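Trainee: What follows is data-v9.cif, made up of mmCIF, N, CA and C atoms:
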```cif
data_model
#
loop_
_atom_site.label_atom_id
_atom_site.label_comp_id
_atom_site.auth_asym_id
_atom_site.auth_seq_id
_atom_site.Cartn_x
_atom_site.Cartn_y
_atom_site.Cartn_z
N MET A 1 -24.67 54.74 -95.90
CA MET A 1 -23.52 54.69 -95.03
C MET A 1 -23.80 55.54 -93.79
N LYS A 2 -23.35 55.07 -92.67
CA LYS A 2 -23.56 55.76 -91.41
C LYS A 2 -22.62 56.95 -91.29
N VAL A 3 -23.15 58.04 -90.73
CA VAL A 3 -22.31 59.19 -90.46
C VAL A 3 -21.66 58.98 -89.10
N PHE A 4 -20.37 59.17 -89.04
CA PHE A 4 -19.63 58.89 -87.81
C PHE A 4 -18.83 60.11 -87.42
N ASP A 5 -18.92 60.52 -86.17
CA ASP A 5 -18.21 61.68 -85.67
C ASP A 5 -16.91 61.21 -85.02
N ARG A 6 -15.79 61.43 -85.73
CA ARG A 6 -14.49 60.98 -85.25
C ARG A 6 -14.12 61.60 -83.89
N ALA A 7 -14.41 62.88 -83.71
CA ALA A 7 -14.07 63.55 -82.45
C ALA A 7 -14.87 62.95 -81.30
N ARG A 8 -16.12 62.55 -81.57
CA ARG A 8 -16.95 61.98 -80.52
C ARG A 8 -16.40 60.64 -80.04
N ALA A 9 -15.82 59.87 -80.95
CA ALA A 9 -15.31 58.55 -80.57
C ALA A 9 -14.16 58.65 -79.57
N PHE A 10 -13.44 59.75 -79.58
CA PHE A 10 -12.32 59.92 -78.67
C PHE A 10 -12.64 60.82 -77.48
N SER A 11 -13.89 61.27 -77.38
CA SER A 11 -14.25 62.14 -76.27
C SER A 11 -14.30 61.31 -74.97
N PRO A 12 -14.13 61.97 -73.83
CA PRO A 12 -14.06 61.24 -72.55
C PRO A 12 -15.31 60.42 -72.23
N GLY A 13 -16.48 60.84 -72.72
CA GLY A 13 -17.72 60.13 -72.41
C GLY A 13 -17.92 58.85 -73.22
N VAL A 14 -17.11 58.64 -74.22
CA VAL A 14 -17.28 57.47 -75.08
C VAL A 14 -16.49 56.30 -74.49
N ASN A 15 -17.17 55.19 -74.34
CA ASN A 15 -16.54 54.00 -73.76
C ASN A 15 -17.07 52.77 -74.47
N ALA A 16 -16.98 51.66 -73.82
CA ALA A 16 -17.43 50.40 -74.42
C ALA A 16 -18.91 50.44 -74.78
N ASN A 17 -19.70 51.20 -74.02
CA ASN A 17 -21.14 51.30 -74.32
C ASN A 17 -21.39 51.92 -75.69
N PHE A 18 -20.55 52.86 -76.07
CA PHE A 18 -20.67 53.48 -77.39
C PHE A 18 -20.57 52.42 -78.48
N TRP A 19 -19.53 51.58 -78.40
CA TRP A 19 -19.33 50.54 -79.40
C TRP A 19 -20.38 49.45 -79.29
N MET A 20 -20.83 49.16 -78.06
CA MET A 20 -21.88 48.15 -77.87
C MET A 20 -23.17 48.61 -78.54
N ASN A 21 -23.49 49.89 -78.41
CA ASN A 21 -24.70 50.41 -79.05
C ASN A 21 -24.61 50.38 -80.56
N LEU A 22 -23.43 50.66 -81.12
CA LEU A 22 -23.26 50.54 -82.57
C LEU A 22 -23.52 49.10 -83.02
N GLY A 23 -22.99 48.14 -82.27
CA GLY A 23 -23.20 46.74 -82.59
C GLY A 23 -24.65 46.33 -82.46
N LYS A 24 -25.32 46.79 -81.42
CA LYS A 24 -26.73 46.47 -81.23
C LYS A 24 -27.58 47.02 -82.37
N ASN A 25 -27.27 48.24 -82.80
CA ASN A 25 -28.02 48.83 -83.90
C ASN A 25 -27.84 48.03 -85.19
N ASP A 26 -26.62 47.59 -85.46
CA ASP A 26 -26.37 46.76 -86.64
C ASP A 26 -27.12 45.44 -86.55
N LEU A 27 -27.13 44.84 -85.36
CA LEU A 27 -27.84 43.58 -85.17
C LEU A 27 -29.33 43.76 -85.38
N LEU A 28 -29.90 44.83 -84.84
CA LEU A 28 -31.33 45.08 -85.02
C LEU A 28 -31.67 45.30 -86.49
N GLU A 29 -30.82 46.01 -87.22
CA GLU A 29 -31.04 46.19 -88.65
C GLU A 29 -31.08 44.85 -89.36
N SER A 30 -30.16 43.97 -89.02
CA SER A 30 -30.09 42.65 -89.65
C SER A 30 -31.32 41.81 -89.31
N LEU A 31 -31.74 41.85 -88.06
CA LEU A 31 -32.89 41.06 -87.62
C LEU A 31 -34.20 41.55 -88.23
N ASN A 32 -34.28 42.83 -88.56
CA ASN A 32 -35.50 43.40 -89.11
C ASN A 32 -35.61 43.27 -90.62
N LYS A 33 -34.59 42.72 -91.27
CA LYS A 33 -34.65 42.51 -92.71
C LYS A 33 -35.60 41.36 -93.02
N VAL A 34 -36.42 41.55 -94.05
CA VAL A 34 -37.35 40.51 -94.47
C VAL A 34 -36.63 39.58 -95.43
N PRO A 35 -36.61 38.27 -95.14
CA PRO A 35 -35.90 37.35 -96.03
C PRO A 35 -36.60 37.22 -97.39
N ILE A 36 -35.81 36.99 -98.42
CA ILE A 36 -36.35 36.77 -99.75
C ILE A 36 -36.73 35.29 -99.83
N MET A 37 -38.00 35.01 -100.06
CA MET A 37 -38.48 33.63 -100.02
C MET A 37 -38.65 33.00 -101.40
N GLY A 38 -38.51 33.80 -102.46
CA GLY A 38 -38.68 33.27 -103.81
C GLY A 38 -37.51 32.39 -104.23
N LYS A 39 -37.75 31.61 -105.28
CA LYS A 39 -36.71 30.72 -105.81
C LYS A 39 -35.75 31.54 -106.67
N ALA A 40 -34.45 31.35 -106.46
CA ALA A 40 -33.44 32.10 -107.21
C ALA A 40 -33.41 31.65 -108.66
N LYS A 41 -33.33 32.63 -109.55
CA LYS A 41 -33.20 32.32 -110.98
C LYS A 41 -31.73 32.10 -111.33
N ASN A 42 -30.87 32.91 -110.77
CA ASN A 42 -29.43 32.82 -110.99
C ASN A 42 -28.71 33.04 -109.66
N VAL A 43 -27.49 32.57 -109.60
CA VAL A 43 -26.67 32.76 -108.41
C VAL A 43 -25.33 33.33 -108.86
N ILE A 44 -24.88 34.36 -108.18
CA ILE A 44 -23.57 34.94 -108.45
C ILE A 44 -22.70 34.65 -107.23
N MET A 45 -21.58 34.01 -107.46
CA MET A 45 -20.69 33.66 -106.36
C MET A 45 -19.40 34.46 -106.48
N PHE A 46 -19.10 35.21 -105.43
CA PHE A 46 -17.85 35.95 -105.36
C PHE A 46 -16.87 35.12 -104.53
N ILE A 47 -15.73 34.83 -105.10
CA ILE A 47 -14.71 34.07 -104.38
C ILE A 47 -13.51 34.99 -104.18
N GLY A 48 -13.28 35.38 -102.94
CA GLY A 48 -12.16 36.26 -102.62
C GLY A 48 -11.01 35.45 -102.06
N ASP A 49 -10.11 35.03 -102.91
CA ASP A 49 -8.98 34.22 -102.47
C ASP A 49 -8.03 35.07 -101.63
N GLY A 50 -7.60 34.56 -100.51
CA GLY A 50 -6.67 35.27 -99.64
C GLY A 50 -7.35 36.33 -98.79
N MET A 51 -8.66 36.23 -98.63
CA MET A 51 -9.40 37.21 -97.84
C MET A 51 -9.82 36.61 -96.51
N GLY A 52 -8.85 36.41 -95.65
CA GLY A 52 -9.14 35.92 -94.30
C GLY A 52 -9.72 37.04 -93.46
N MET A 53 -10.14 36.69 -92.25
CA MET A 53 -10.75 37.69 -91.37
C MET A 53 -9.81 38.86 -91.08
N SER A 54 -8.52 38.59 -90.91
CA SER A 54 -7.58 39.68 -90.62
C SER A 54 -7.42 40.60 -91.83
N THR A 55 -7.43 40.04 -93.03
CA THR A 55 -7.30 40.86 -94.24
C THR A 55 -8.54 41.72 -94.44
N ILE A 56 -9.71 41.13 -94.22
CA ILE A 56 -10.96 41.89 -94.36
C ILE A 56 -11.02 43.00 -93.32
N THR A 57 -10.62 42.70 -92.09
CA THR A 57 -10.61 43.72 -91.04
C THR A 57 -9.65 44.85 -91.38
N ALA A 58 -8.46 44.51 -91.87
CA ALA A 58 -7.49 45.54 -92.25
C ALA A 58 -8.04 46.41 -93.39
N ALA A 59 -8.70 45.78 -94.36
CA ALA A 59 -9.28 46.54 -95.47
C ALA A 59 -10.39 47.46 -94.99
N ARG A 60 -11.22 46.97 -94.06
CA ARG A 60 -12.31 47.78 -93.51
C ARG A 60 -11.75 49.00 -92.78
N ILE A 61 -10.74 48.79 -91.94
CA ILE A 61 -10.16 49.90 -91.19
C ILE A 61 -9.49 50.90 -92.14
N PHE A 62 -8.75 50.40 -93.12
CA PHE A 62 -8.08 51.27 -94.08
C PHE A 62 -9.08 52.12 -94.85
N LYS A 63 -10.13 51.48 -95.37
CA LYS A 63 -11.14 52.21 -96.15
C LYS A 63 -11.87 53.23 -95.28
N GLY A 64 -12.22 52.85 -94.06
CA GLY A 64 -12.90 53.77 -93.15
C GLY A 64 -12.04 54.97 -92.80
N GLN A 65 -10.75 54.73 -92.54
CA GLN A 65 -9.85 55.83 -92.21
C GLN A 65 -9.61 56.73 -93.42
N ALA A 66 -9.61 56.15 -94.61
CA ALA A 66 -9.44 56.95 -95.83
C ALA A 66 -10.63 57.89 -96.03
N GLU A 67 -11.78 57.55 -95.44
CA GLU A 67 -12.96 58.39 -95.53
C GLU A 67 -13.16 59.25 -94.29
N GLY A 68 -12.13 59.34 -93.44
CA GLY A 68 -12.17 60.23 -92.29
C GLY A 68 -12.83 59.64 -91.06
N GLN A 69 -13.07 58.34 -91.05
CA GLN A 69 -13.68 57.69 -89.89
C GLN A 69 -12.58 56.98 -89.11
N LEU A 70 -12.99 56.32 -88.04
CA LEU A 70 -12.02 55.53 -87.27
C LEU A 70 -11.62 54.29 -88.04
N GLY A 71 -12.57 53.68 -88.71
CA GLY A 71 -12.30 52.49 -89.51
C GLY A 71 -13.06 51.28 -89.04
N GLU A 72 -13.10 51.05 -87.74
CA GLU A 72 -13.76 49.85 -87.21
C GLU A 72 -15.26 49.85 -87.49
N GLU A 73 -15.86 51.02 -87.55
CA GLU A 73 -17.31 51.11 -87.72
C GLU A 73 -17.73 51.05 -89.19
N TYR A 74 -16.77 51.07 -90.10
CA TYR A 74 -17.05 51.07 -91.53
C TYR A 74 -17.42 49.66 -92.00
N SER A 75 -18.26 49.56 -93.03
CA SER A 75 -18.62 48.26 -93.61
C SER A 75 -18.23 48.24 -95.07
N LEU A 76 -17.58 47.19 -95.50
CA LEU A 76 -17.24 47.01 -96.90
C LEU A 76 -18.51 46.60 -97.66
N SER A 77 -18.53 46.87 -98.95
CA SER A 77 -19.75 46.64 -99.73
C SER A 77 -20.23 45.20 -99.66
N PHE A 78 -19.33 44.24 -99.74
CA PHE A 78 -19.75 42.84 -99.74
C PHE A 78 -20.22 42.36 -98.37
N GLU A 79 -19.88 43.10 -97.32
CA GLU A 79 -20.35 42.73 -95.99
C GLU A 79 -21.83 43.05 -95.82
N LYS A 80 -22.39 43.82 -96.74
CA LYS A 80 -23.81 44.20 -96.68
C LYS A 80 -24.68 43.31 -97.56
N PHE A 81 -24.09 42.32 -98.22
CA PHE A 81 -24.88 41.40 -99.03
C PHE A 81 -25.88 40.69 -98.12
N PRO A 82 -27.06 40.35 -98.63
CA PRO A 82 -28.05 39.69 -97.78
C PRO A 82 -27.61 38.31 -97.28
N ASN A 83 -26.78 37.62 -98.05
CA ASN A 83 -26.28 36.30 -97.64
C ASN A 83 -24.79 36.25 -97.86
N VAL A 84 -24.06 35.95 -96.80
CA VAL A 84 -22.61 35.88 -96.87
C VAL A 84 -22.16 34.63 -96.14
N GLY A 85 -21.17 33.95 -96.69
CA GLY A 85 -20.63 32.77 -96.04
C GLY A 85 -19.12 32.84 -96.00
N LEU A 86 -18.56 32.21 -95.00
CA LEU A 86 -17.10 32.14 -94.87
C LEU A 86 -16.68 30.68 -94.90
N LEU A 87 -15.58 30.42 -95.55
CA LEU A 87 -15.07 29.06 -95.66
C LEU A 87 -13.58 29.08 -95.41
N LYS A 88 -13.10 28.16 -94.61
CA LYS A 88 -11.67 28.05 -94.36
C LYS A 88 -11.22 26.66 -94.76
N VAL A 89 -10.23 26.62 -95.62
CA VAL A 89 -9.69 25.34 -96.09
C VAL A 89 -8.41 25.07 -95.30
N VAL A 90 -8.34 23.92 -94.69
CA VAL A 90 -7.15 23.53 -93.93
C VAL A 90 -6.57 22.31 -94.62
N LEU A 91 -5.34 22.43 -95.04
CA LEU A 91 -4.68 21.32 -95.73
C LEU A 91 -3.75 20.58 -94.79
#
```
As structure tokens, please, write out the structure in this file.
Mentor:
Amino acid sequence: MKVFDRARAFSPGVNANFWMNLGKNDLLESLNKVPIMGKAKNVIMFIGDGMGMSTITAARIFKGQAEGQLGEEYSLSFEKFPNVGLLKVVL
């Protein structure tokens, strides 16, 4: 988990570049991961019913703030899985 300085996020020198750099670092981490090329023996599927983007974002912010961070920079455990998919059903 990343260490985040809450006071620094609200300091006068912190602006959009601060958040842009956090995003760039996350993107670089993702791009530098080596894909698993072997054939899967088993597959585990997690189905989170009622977990739309707004619900996941609210949970991320809540959990991050509960740990003394701002919340937006926090990642939930399932967001770190090597493969994640989103599906929206429209009836």
Trainee: Please report, as number ranges by chain, each residue of segment 53-88 of chain A to which DSSP assigns helix (DSSP H, G or I) when run on this structure's backbone.
Mentor: A: 53-66, 77-80
Trainee: Any chance you could export the current selection's N, CA and C atoms as a PDB file, in the frame of the given file?
Mentor:
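For reference, again.pdb as written:
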```pdb
ATOM      1  N   MET A  53     -10.140  36.690 -92.250  1.00  0.00           N
ATOM      2  CA  MET A  53     -10.750  37.690 -91.370  1.00  0.00           C
ATOM      3  C   MET A  53      -9.810  38.860 -91.080  1.00  0.00           C
ATOM      4  N   SER A  54      -8.520  38.590 -90.910  1.00  0.00           N
ATOM      5  CA  SER A  54      -7.580  39.680 -90.620  1.00  0.00           C
ATOM      6  C   SER A  54      -7.420  40.600 -91.830  1.00  0.00           C
ATOM      7  N   THR A  55      -7.430  40.040 -93.030  1.00  0.00           N
ATOM      8  CA  THR A  55      -7.300  40.860 -94.240  1.00  0.00           C
ATOM      9  C   THR A  55      -8.540  41.720 -94.440  1.00  0.00           C
ATOM     10  N   ILE A  56      -9.710  41.130 -94.220  1.00  0.00           N
ATOM     11  CA  ILE A  56     -10.960  41.890 -94.360  1.00  0.00           C
ATOM     12  C   ILE A  56     -11.020  43.000 -93.320  1.00  0.00           C
ATOM     13  N   THR A  57     -10.620  42.700 -92.090  1.00  0.00           N
ATOM     14  CA  THR A  57     -10.610  43.720 -91.040  1.00  0.00           C
ATOM     15  C   THR A  57      -9.650  44.850 -91.380  1.00  0.00           C
ATOM     16  N   ALA A  58      -8.460  44.510 -91.870  1.00  0.00           N
ATOM     17  CA  ALA A  58      -7.490  45.540 -92.250  1.00  0.00           C
ATOM     18  C   ALA A  58      -8.040  46.410 -93.390  1.00  0.00           C
ATOM     19  N   ALA A  59      -8.700  45.780 -94.360  1.00  0.00           N
ATOM     20  CA  ALA A  59      -9.280  46.540 -95.470  1.00  0.00           C
ATOM     21  C   ALA A  59     -10.390  47.460 -94.990  1.00  0.00           C
ATOM     22  N   ARG A  60     -11.220  46.970 -94.060  1.00  0.00           N
ATOM     23  CA  ARG A  60     -12.310  47.780 -93.510  1.00  0.00           C
ATOM     24  C   ARG A  60     -11.750  49.000 -92.780  1.00  0.00           C
ATOM     25  N   ILE A  61     -10.740  48.790 -91.940  1.00  0.00           N
ATOM     26  CA  ILE A  61     -10.160  49.900 -91.190  1.00  0.00           C
ATOM     27  C   ILE A  61      -9.490  50.900 -92.140  1.00  0.00           C
ATOM     28  N   PHE A  62      -8.750  50.400 -93.120  1.00  0.00           N
ATOM     29  CA  PHE A  62      -8.080  51.270 -94.080  1.00  0.00           C
ATOM     30  C   PHE A  62      -9.080  52.120 -94.850  1.00  0.00           C
ATOM     31  N   LYS A  63     -10.130  51.480 -95.370  1.00  0.00           N
ATOM     32  CA  LYS A  63     -11.140  52.210 -96.150  1.00  0.00           C
ATOM     33  C   LYS A  63     -11.870  53.230 -95.280  1.00  0.00           C
ATOM     34  N   GLY A  64     -12.220  52.850 -94.060  1.00  0.00           N
ATOM     35  CA  GLY A  64     -12.900  53.770 -93.150  1.00  0.00           C
ATOM     36  C   GLY A  64     -12.040  54.970 -92.800  1.00  0.00           C
ATOM     37  N   GLN A  65     -10.750  54.730 -92.540  1.00  0.00           N
ATOM     38  CA  GLN A  65      -9.850  55.830 -92.210  1.00  0.00           C
ATOM     39  C   GLN A  65      -9.610  56.730 -93.420  1.00  0.00           C
ATOM     40  N   ALA A  66      -9.610  56.150 -94.610  1.00  0.00           N
ATOM     41  CA  ALA A  66      -9.440  56.950 -95.830  1.00  0.00           C
ATOM     42  C   ALA A  66     -10.630  57.890 -96.030  1.00  0.00           C
ATOM     43  N   SER A  77     -18.530  46.870 -98.950  1.00  0.00           N
ATOM     44  CA  SER A  77     -19.750  46.640 -99.730  1.00  0.00           C
ATOM     45  C   SER A  77     -20.230  45.200 -99.660  1.00  0.00           C
ATOM     46  N   PHE A  78     -19.330  44.240 -99.740  1.00  0.00           N
ATOM     47  CA  PHE A  78     -19.750  42.840 -99.740  1.00  0.00           C
ATOM     48  C   PHE A  78     -20.220  42.360 -98.370  1.00  0.00           C
ATOM     49  N   GLU A  79     -19.880  43.100 -97.320  1.00  0.00           N
ATOM     50  CA  GLU A  79     -20.350  42.730 -95.990  1.00  0.00           C
ATOM     51  C   GLU A  79     -21.830  43.050 -95.820  1.00  0.00           C
ATOM     52  N   LYS A  80     -22.390  43.820 -96.740  1.00  0.00           N
ATOM     53  CA  LYS A  80     -23.810  44.200 -96.680  1.00  0.00           C
ATOM     54  C   LYS A  80     -24.680  43.310 -97.560  1.00  0.00           C
TER      55      LYS A  80
END
```
Trainee: Give me the result of the PyMOL selection byres ((chain A and resi 47-60) around 8) on this file, residue by residue, as a list in words.
Mentor: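 Here the PyMOL selection byres ((chain A and resi 47-60) around 8) matches Ile44, Met45, Phe46, Ile61, Phe62, Lys63, Gly64, Gln65, Ala66, Leu70, Gly71, Glu72, Glu73, Tyr74, Ser75 and Leu76 of chain A.
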Trainee: Those selected residues, please, written with N, CA and C atoms and delivered as an mmCIF file, in the coordinates of the input.
Mentor:
```
data_model
loop_
_atom_site.group_PDB
_atom_site.id
_atom_site.type_symbol
_atom_site.label_atom_id
_atom_site.label_comp_id
_atom_site.auth_asym_id
_atom_site.auth_seq_id
_atom_site.Cartn_x
_atom_site.Cartn_y
_atom_site.Cartn_z
ATOM 1 N N ILE A 44 -24.880 34.360 -108.180
ATOM 2 C CA ILE A 44 -23.570 34.940 -108.450
ATOM 3 C C ILE A 44 -22.700 34.650 -107.230
ATOM 4 N N MET A 45 -21.580 34.010 -107.460
ATOM 5 C CA MET A 45 -20.690 33.660 -106.360
ATOM 6 C C MET A 45 -19.400 34.460 -106.480
ATOM 7 N N PHE A 46 -19.100 35.210 -105.430
ATOM 8 C CA PHE A 46 -17.850 35.950 -105.360
ATOM 9 C C PHE A 46 -16.870 35.120 -104.530
ATOM 10 N N ILE A 61 -10.740 48.790 -91.940
ATOM 11 C CA ILE A 61 -10.160 49.900 -91.190
ATOM 12 C C ILE A 61 -9.490 50.900 -92.140
ATOM 13 N N PHE A 62 -8.750 50.400 -93.120
ATOM 14 C CA PHE A 62 -8.080 51.270 -94.080
ATOM 15 C C PHE A 62 -9.080 52.120 -94.850
ATOM 16 N N LYS A 63 -10.130 51.480 -95.370
ATOM 17 C CA LYS A 63 -11.140 52.210 -96.150
ATOM 18 C C LYS A 63 -11.870 53.230 -95.280
ATOM 19 N N GLY A 64 -12.220 52.850 -94.060
ATOM 20 C CA GLY A 64 -12.900 53.770 -93.150
ATOM 21 C C GLY A 64 -12.040 54.970 -92.800
ATOM 22 N N GLN A 65 -10.750 54.730 -92.540
ATOM 23 C CA GLN A 65 -9.850 55.830 -92.210
ATOM 24 C C GLN A 65 -9.610 56.730 -93.420
ATOM 25 N N ALA A 66 -9.610 56.150 -94.610
ATOM 26 C CA ALA A 66 -9.440 56.950 -95.830
ATOM 27 C C ALA A 66 -10.630 57.890 -96.030
ATOM 28 N N LEU A 70 -12.990 56.320 -88.040
ATOM 29 C CA LEU A 70 -12.020 55.530 -87.270
ATOM 30 C C LEU A 70 -11.620 54.290 -88.040
ATOM 31 N N GLY A 71 -12.570 53.680 -88.710
ATOM 32 C CA GLY A 71 -12.300 52.490 -89.510
ATOM 33 C C GLY A 71 -13.060 51.280 -89.040
ATOM 34 N N GLU A 72 -13.100 51.050 -87.740
ATOM 35 C CA GLU A 72 -13.760 49.850 -87.210
ATOM 36 C C GLU A 72 -15.260 49.850 -87.490
ATOM 37 N N GLU A 73 -15.860 51.020 -87.550
ATOM 38 C CA GLU A 73 -17.310 51.110 -87.720
ATOM 39 C C GLU A 73 -17.730 51.050 -89.190
ATOM 40 N N TYR A 74 -16.770 51.070 -90.100
ATOM 41 C CA TYR A 74 -17.050 51.070 -91.530
ATOM 42 C C TYR A 74 -17.420 49.660 -92.000
ATOM 43 N N SER A 75 -18.260 49.560 -93.030
ATOM 44 C CA SER A 75 -18.620 48.260 -93.610
ATOM 45 C C SER A 75 -18.230 48.240 -95.070
ATOM 46 N N LEU A 76 -17.580 47.190 -95.500
ATOM 47 C CA LEU A 76 -17.240 47.010 -96.900
ATOM 48 C C LEU A 76 -18.510 46.600 -97.660
#
```
Trainee: With 5 Å on each side, where is the centre of the axis-aligned box around all listed atoms of segment 39-58 of chain A, and how long are its edges in Å to one decimal, as AutoDock Vina command-line options?
Mentor:
```
--center_x -22.2 --center_y 38.6 --center_z -101.0 --size_x 41.1 --size_y 25.7 --size_z 30.7
```
Trainee: Grab the atom CA of Ser77 of chain A to atom CA of Lys24 of chain A distance for me, in Å with one decimal place.
Mentor: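 Separation of atom CA of Ser77 of chain A and atom CA of Lys24 of chain A: 19.8 Å.
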Trainee: Hey, can you check how far atom CA of Leu27 of chain A sits from atom C of Asn15 of chain A?
Mentor: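 Pair atom CA of Leu27 of chain A / atom C of Asn15 of chain A returns 17.7 Å.
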Trainee: At what distance in Å, to one decimal, does atom CA of Phe18 of chain A lie from atom N of Ser30 of chain A?
Mentor: 17.8 Å
Trainee: With N, CA, C and O atoms as the target, complete segment 44-55 of chain A and hand it back as a CSV table (one decimal), in the frame of the given file.
Mentor:
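So the final result, stored in part_28.csv, reads:
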```csv
chain,number,residue,atom,x,y,z
A,44,ILE,N,-24.9,34.4,-108.2
A,44,ILE,CA,-23.6,34.9,-108.4
A,44,ILE,C,-22.7,34.6,-107.2
A,44,ILE,O,-23.1,35.0,-106.1
A,45,MET,N,-21.6,34.0,-107.5
A,45,MET,CA,-20.7,33.7,-106.4
A,45,MET,C,-19.4,34.5,-106.5
A,45,MET,O,-18.7,34.4,-107.5
A,46,PHE,N,-19.1,35.2,-105.4
A,46,PHE,CA,-17.8,36.0,-105.4
A,46,PHE,C,-16.9,35.1,-104.5
A,46,PHE,O,-17.2,34.8,-103.4
A,47,ILE,N,-15.7,34.8,-105.1
A,47,ILE,CA,-14.7,34.1,-104.4
A,47,ILE,C,-13.5,35.0,-104.2
A,47,ILE,O,-12.8,35.4,-105.1
A,48,GLY,N,-13.3,35.4,-102.9
A,48,GLY,CA,-12.2,36.3,-102.6
A,48,GLY,C,-11.0,35.4,-102.1
A,48,GLY,O,-10.9,35.2,-100.9
A,49,ASP,N,-10.1,35.0,-102.9
A,49,ASP,CA,-9.0,34.2,-102.5
A,49,ASP,C,-8.0,35.1,-101.6
A,49,ASP,O,-7.7,36.2,-102.0
A,50,GLY,N,-7.6,34.6,-100.5
A,50,GLY,CA,-6.7,35.3,-99.6
A,50,GLY,C,-7.4,36.3,-98.8
A,50,GLY,O,-6.7,37.2,-98.3
A,51,MET,N,-8.7,36.2,-98.6
A,51,MET,CA,-9.4,37.2,-97.8
A,51,MET,C,-9.8,36.6,-96.5
A,51,MET,O,-11.0,36.3,-96.3
A,52,GLY,N,-8.8,36.4,-95.6
A,52,GLY,CA,-9.1,35.9,-94.3
A,52,GLY,C,-9.7,37.0,-93.5
A,52,GLY,O,-9.8,38.2,-93.9
A,53,MET,N,-10.1,36.7,-92.2
A,53,MET,CA,-10.8,37.7,-91.4
A,53,MET,C,-9.8,38.9,-91.1
A,53,MET,O,-10.2,40.0,-91.0
A,54,SER,N,-8.5,38.6,-90.9
A,54,SER,CA,-7.6,39.7,-90.6
A,54,SER,C,-7.4,40.6,-91.8
A,54,SER,O,-7.3,41.8,-91.7
A,55,THR,N,-7.4,40.0,-93.0
A,55,THR,CA,-7.3,40.9,-94.2
A,55,THR,C,-8.5,41.7,-94.4
A,55,THR,O,-8.4,42.9,-94.8
```
